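Report on the structure given below.
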Amino acid sequence: MGKNRNKEISTALYKRIEPLLPVAAPSPKGGRPRLSDEQALNGILFILRTGTPWEHLPQELGFGSGMTCWRRLRDWQAAGVWHRLHMALLGELRGADKLDFSRACIDAASGAQPPGDPHTGPNPTDRGKLGSKRHLITDRQGIPLMFCVTGANRHDSVVFEELVDALPAVGGKPGRPRRWPTKLHADKGYDFARCRAHLKRRSIQDRIARRGIERNDRLGRHRWVVERTHAWLAAFGKLRTRFERRIDIHVALLSLACCVICVRRLLPFC
């Protein structure tokens with residue numbers, strides 16, 4: 001198959017990403033021409049979508065070698081490309097009235113991971129096997145706003161304050177950027193006085209289920225969107241199980257997956 005017939009990203013979308021990519025200086029030693037950034041990005045997205053091991057990236061796709069794509073992913077993560085892309089897409093969504101700050105939702109999801117990384121821990125829900133946990137805040141529609149990764153043994157509420165304070169100020173409209181949601185929904189795992197007090201200091205109304213008082217499904221009609229987003233992320237083959245030992249590579253893939261979810265809401269650029 002020809003190279004032009006195997007594309008994971010549209011030309012229109014790549015034109016929006018290209019300005020965020022660092023310019024690579026030509027090698028003084030010469031050698032083979034450098035794989036284009038567009039080809040490398042297509043290879044990264046193929047790996048993310050399918051879960052194919054880096055070393056098994058099919059050469060006939062025209063995306064270069066898997067290790068070249070891996071190094072490009074690593075370098076772009078170090079340069080902050082994926083975070084800036086995520087923030088730019090959130091601004092586009094808000095400008096198009098497709099980002100809803102009236103309610104936000106927070107939740108965590110655990111996953112298995114090979115041993116050897118400090119961001120892992122014994123998963124209490126999986127017979128103590130090593131795993132990591134993804135903590136996520138979404139808007140009312142399930143669009144990912146911010147995430148972080150801890151060991152699977154860390155309680156959901158451990159990073160609550162840190163994650164809330166990491167919410168970005170999103171522009172896209174005239175006036176001040178919007179940072180805080182009006183309400184934040186969470187399950188009983190976050191039912192602590194310090195969590196409620198932290199939201200109050202940020203002028204965010206807490207909608208945290210109370211242990212021993214409210215049923216498990218009391219706030220389900222609002223909280224289900226973050227659970228759906230966790231399912232969207234798990235649908236990416238490379239995120240279904242955490243294969244990457246290095247936390248920077250795992251975070252890079254998560255950031256890119258969040259960008260893909262945002263792009264799906266921006267139909268003109270799909």
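Labels for the structure tokens follow display order: chains A, B, ..., residues from 1 in each chain, ligands from 1.
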### Task
Return as a PyMOL selection string the full set of residues in range 78-229 of chain A whose backbone-based DSSP assignment is helix (DSSP H, G or I).
chain A and resi 78+81-95+156-165+188-190+193-201+220-229
#### Entry: Residues near Trp180 in chain A, cut-off 8 Å, only C-alpha atoms, skip fewer than 6 positions along chain, as JSON, numbers by chain
{"A": [101, 167, 169, 202, 203, 204]}
### Message
Give me the residues near Leu35 in chain A as number ranges by chain, where near means some atom within 7 Å (using only C-alpha atoms) and where sequence neighbours in that chain fewer than 4 positions away do not count.
### Response
A: 39-40, 64
Next, dump the selected residues to file, keeping only C-alpha atoms, as a compact mmCIF listing (two decimals), in the first residue's frame.
```txt
# COMPACT_ATOMS: atom_id res chain seq x y z
CA GLN A 39 5.03 10.57 9.26
CA ALA A 40 6.31 10.13 12.83
CA GLY A 64 9.34 4.90 9.75
```
### Task
Excluding Phe63 in chain A and any residue of its chain fewer than 4 positions from it, enumerate the residues within 9 Å of it, using only C-alpha atoms, and give them as a ChimeraX atom specification.
/A:3,6-7,35-36,38-44,57-59,69
### Task
For CA of Leu256 in chain A and CA of Gln77 in chain A, quote the distance in Å rounded to one decimal.
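Calculated distance between CA of Leu256 in chain A and CA of Gln77 in chain A is 9.8 Å.
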List every residue of range 120-213 of chain A that has an atom at most 9 Å from any atom of range 224-247 of chain A, giving for each one its closest atom pair and the distance in Å to one decimal, counting only C-alpha atoms, sorted by chain and then by ascending residue number, as CSV.
```
residue,atom,partner,partner_atom,distance
A:Gly131,CA,A:Arg242,CA,8.0
A:Ser132,CA,A:Arg242,CA,7.8
A:Arg134,CA,A:His230,CA,8.5
A:Leu136,CA,A:Val226,CA,7.5
A:Ile137,CA,A:Val226,CA,7.2
A:Thr138,CA,A:Val226,CA,6.0
A:Asp139,CA,A:Val226,CA,8.3
A:Arg140,CA,A:Val225,CA,7.1
A:Gln141,CA,A:Val225,CA,6.2
A:Gly142,CA,A:Val225,CA,4.9
A:Ile143,CA,A:Thr229,CA,7.3
A:Pro144,CA,A:Thr229,CA,7.4
A:Val149,CA,A:Ile247,CA,8.4
```
### Query
Taking only C-alpha atoms into account, which of A:Gly172, A:Gly62, A:Pro22, A:Gly95 comes nearest Gly80 in chain A?
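Looking only at the distances to Gly80 in chain A, the closest residue turns out to be A:Pro22.
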### Task
Please identify all polymer residues within 12 Å of Leu184 in chain A, counting only C-alpha atoms, omitting same-chain residues fewer than 3 positions from it, and present them as a ChimeraX atom specification.
/A:101-107,137-140,160,164,180-181,187,190,195-196,198-200,202-209,219,222-223,226
Go ahead and save the residues from that selection, with N, CA and C atoms, as a JSON list (two decimals), in the first residue's frame.
```
[["chain", "number", "residue", "atom", "x", "y", "z"],
["A", 101, "PHE", "N", -18.53, 24.16, 31.48],
["A", 101, "PHE", "CA", -17.97, 24.30, 32.82],
["A", 101, "PHE", "C", -19.04, 24.31, 33.91],
["A", 102, "SER", "N", -20.30, 24.10, 33.55],
["A", 102, "SER", "CA", -21.35, 24.15, 34.57],
["A", 102, "SER", "C", -21.19, 23.02, 35.58],
["A", 103, "ARG", "N", -20.69, 21.89, 35.12],
["A", 103, "ARG", "CA", -20.39, 20.76, 36.01],
["A", 103, "ARG", "C", -19.10, 20.10, 35.54],
["A", 104, "ALA", "N", -18.32, 19.62, 36.49],
["A", 104, "ALA", "CA", -17.14, 18.82, 36.19],
["A", 104, "ALA", "C", -17.22, 17.55, 37.02],
["A", 105, "CYS", "N", -16.49, 16.52, 36.61],
["A", 105, "CYS", "CA", -16.51, 15.24, 37.31],
["A", 105, "CYS", "C", -15.08, 14.75, 37.50],
["A", 106, "ILE", "N", -14.84, 14.12, 38.64],
["A", 106, "ILE", "CA", -13.53, 13.56, 38.94],
["A", 106, "ILE", "C", -13.68, 12.09, 39.31],
["A", 107, "ASP", "N", -12.75, 11.27, 38.86],
["A", 107, "ASP", "CA", -12.76, 9.85, 39.21],
["A", 107, "ASP", "C", -11.40, 9.27, 38.86],
["A", 137, "ILE", "N", -10.16, 14.55, 35.58],
["A", 137, "ILE", "CA", -11.26, 15.52, 35.71],
["A", 137, "ILE", "C", -11.76, 15.84, 34.30],
["A", 138, "THR", "N", -13.07, 15.77, 34.12],
["A", 138, "THR", "CA", -13.67, 16.09, 32.83],
["A", 138, "THR", "C", -14.70, 17.21, 32.99],
["A", 139, "ASP", "N", -15.10, 17.78, 31.86],
["A", 139, "ASP", "CA", -16.20, 18.74, 31.90],
["A", 139, "ASP", "C", -17.51, 17.97, 31.94],
["A", 140, "ARG", "N", -18.62, 18.67, 31.82],
["A", 140, "ARG", "CA", -19.93, 18.04, 31.94],
["A", 140, "ARG", "C", -20.18, 16.98, 30.88],
["A", 160, "PHE", "N", -6.40, 14.80, 45.16],
["A", 160, "PHE", "CA", -7.58, 15.61, 44.87],
["A", 160, "PHE", "C", -7.23, 17.09, 44.75],
["A", 164, "VAL", "N", -7.21, 19.31, 41.23],
["A", 164, "VAL", "CA", -8.12, 20.45, 41.08],
["A", 164, "VAL", "C", -7.32, 21.72, 40.76],
["A", 180, "TRP", "N", -12.30, 27.50, 36.78],
["A", 180, "TRP", "CA", -13.02, 26.68, 37.75],
["A", 180, "TRP", "C", -14.41, 26.32, 37.25],
["A", 181, "PRO", "N", -14.82, 25.08, 37.37],
["A", 181, "PRO", "CA", -16.20, 24.71, 37.06],
["A", 181, "PRO", "C", -17.14, 25.24, 38.14],
["A", 187, "ASP", "N", -17.52, 10.65, 43.67],
["A", 187, "ASP", "CA", -18.15, 9.58, 44.43],
["A", 187, "ASP", "C", -17.68, 9.61, 45.88],
["A", 190, "TYR", "N", -14.20, 10.44, 47.71],
["A", 190, "TYR", "CA", -13.70, 11.79, 47.94],
["A", 190, "TYR", "C", -14.45, 12.48, 49.08],
["A", 195, "CYS", "N", -11.47, 17.78, 51.25],
["A", 195, "CYS", "CA", -11.83, 17.90, 49.84],
["A", 195, "CYS", "C", -12.92, 18.95, 49.66],
["A", 196, "ARG", "N", -13.92, 18.91, 50.53],
["A", 196, "ARG", "CA", -15.00, 19.90, 50.44],
["A", 196, "ARG", "C", -14.48, 21.30, 50.74],
["A", 198, "HIS", "N", -11.49, 22.43, 50.24],
["A", 198, "HIS", "CA", -10.66, 22.89, 49.13],
["A", 198, "HIS", "C", -11.53, 23.44, 48.01],
["A", 199, "LEU", "N", -12.65, 22.77, 47.70],
["A", 199, "LEU", "CA", -13.55, 23.26, 46.67],
["A", 199, "LEU", "C", -14.17, 24.59, 47.08],
["A", 200, "LYS", "N", -14.51, 24.71, 48.36],
["A", 200, "LYS", "CA", -15.10, 25.96, 48.84],
["A", 200, "LYS", "C", -14.15, 27.12, 48.67],
["A", 202, "ARG", "N", -12.08, 27.49, 46.38],
["A", 202, "ARG", "CA", -12.01, 27.80, 44.95],
["A", 202, "ARG", "C", -13.36, 28.23, 44.40],
["A", 203, "SER", "N", -14.32, 28.43, 45.30],
["A", 203, "SER", "CA", -15.68, 28.85, 44.91],
["A", 203, "SER", "C", -16.34, 27.84, 43.97],
["A", 204, "ILE", "N", -16.05, 26.56, 44.20],
["A", 204, "ILE", "CA", -16.65, 25.46, 43.44],
["A", 204, "ILE", "C", -17.64, 24.74, 44.35],
["A", 205, "GLN", "N", -18.86, 24.55, 43.90],
["A", 205, "GLN", "CA", -19.85, 23.82, 44.68],
["A", 205, "GLN", "C", -19.54, 22.33, 44.66],
["A", 206, "ASP", "N", -19.45, 21.72, 45.85],
["A", 206, "ASP", "CA", -19.15, 20.30, 45.88],
["A", 206, "ASP", "C", -20.42, 19.47, 45.72],
["A", 207, "ARG", "N", -20.31, 18.47, 44.92],
["A", 207, "ARG", "CA", -21.37, 17.48, 44.74],
["A", 207, "ARG", "C", -20.74, 16.10, 44.97],
["A", 208, "ILE", "N", -20.25, 15.92, 46.20],
["A", 208, "ILE", "CA", -19.56, 14.70, 46.58],
["A", 208, "ILE", "C", -20.53, 13.81, 47.35],
["A", 209, "ALA", "N", -20.67, 12.58, 46.90],
["A", 209, "ALA", "CA", -21.58, 11.65, 47.57],
["A", 209, "ALA", "C", -21.10, 11.41, 49.01],
["A", 219, "LEU", "N", -25.62, 10.24, 42.56],
["A", 219, "LEU", "CA", -25.16, 11.26, 41.63],
["A", 219, "LEU", "C", -24.74, 10.64, 40.29],
["A", 222, "HIS", "N", -24.86, 12.31, 36.72],
["A", 222, "HIS", "CA", -23.86, 13.29, 36.34],
["A", 222, "HIS", "C", -22.45, 12.69, 36.29],
["A", 223, "ARG", "N", -22.17, 11.73, 37.18],
["A", 223, "ARG", "CA", -20.81, 11.19, 37.28],
["A", 223, "ARG", "C", -20.47, 10.21, 36.17],
["A", 226, "VAL", "N", -17.51, 10.83, 33.40],
["A", 226, "VAL", "CA", -16.08, 10.61, 33.62],
["A", 226, "VAL", "C", -15.75, 9.13, 33.50]]
```
### Summary
From CA of Ser255 in chain A to CA of His155 in chain A the spacing works out at 22.3 Å
### Query
Out of A:His86, A:Lys98, A:Ala25, A:Ala78, which residue has the shortest atom-to-atom distance to Phe147 in chain A when counting only C-alpha atoms?
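Using only C-alpha atoms, the shortest distance to Phe147 in chain A belongs to A:His86.
Note that CA of Leu48 in chain A and CA of Cys258 in chain A are 11.5 Å apart.
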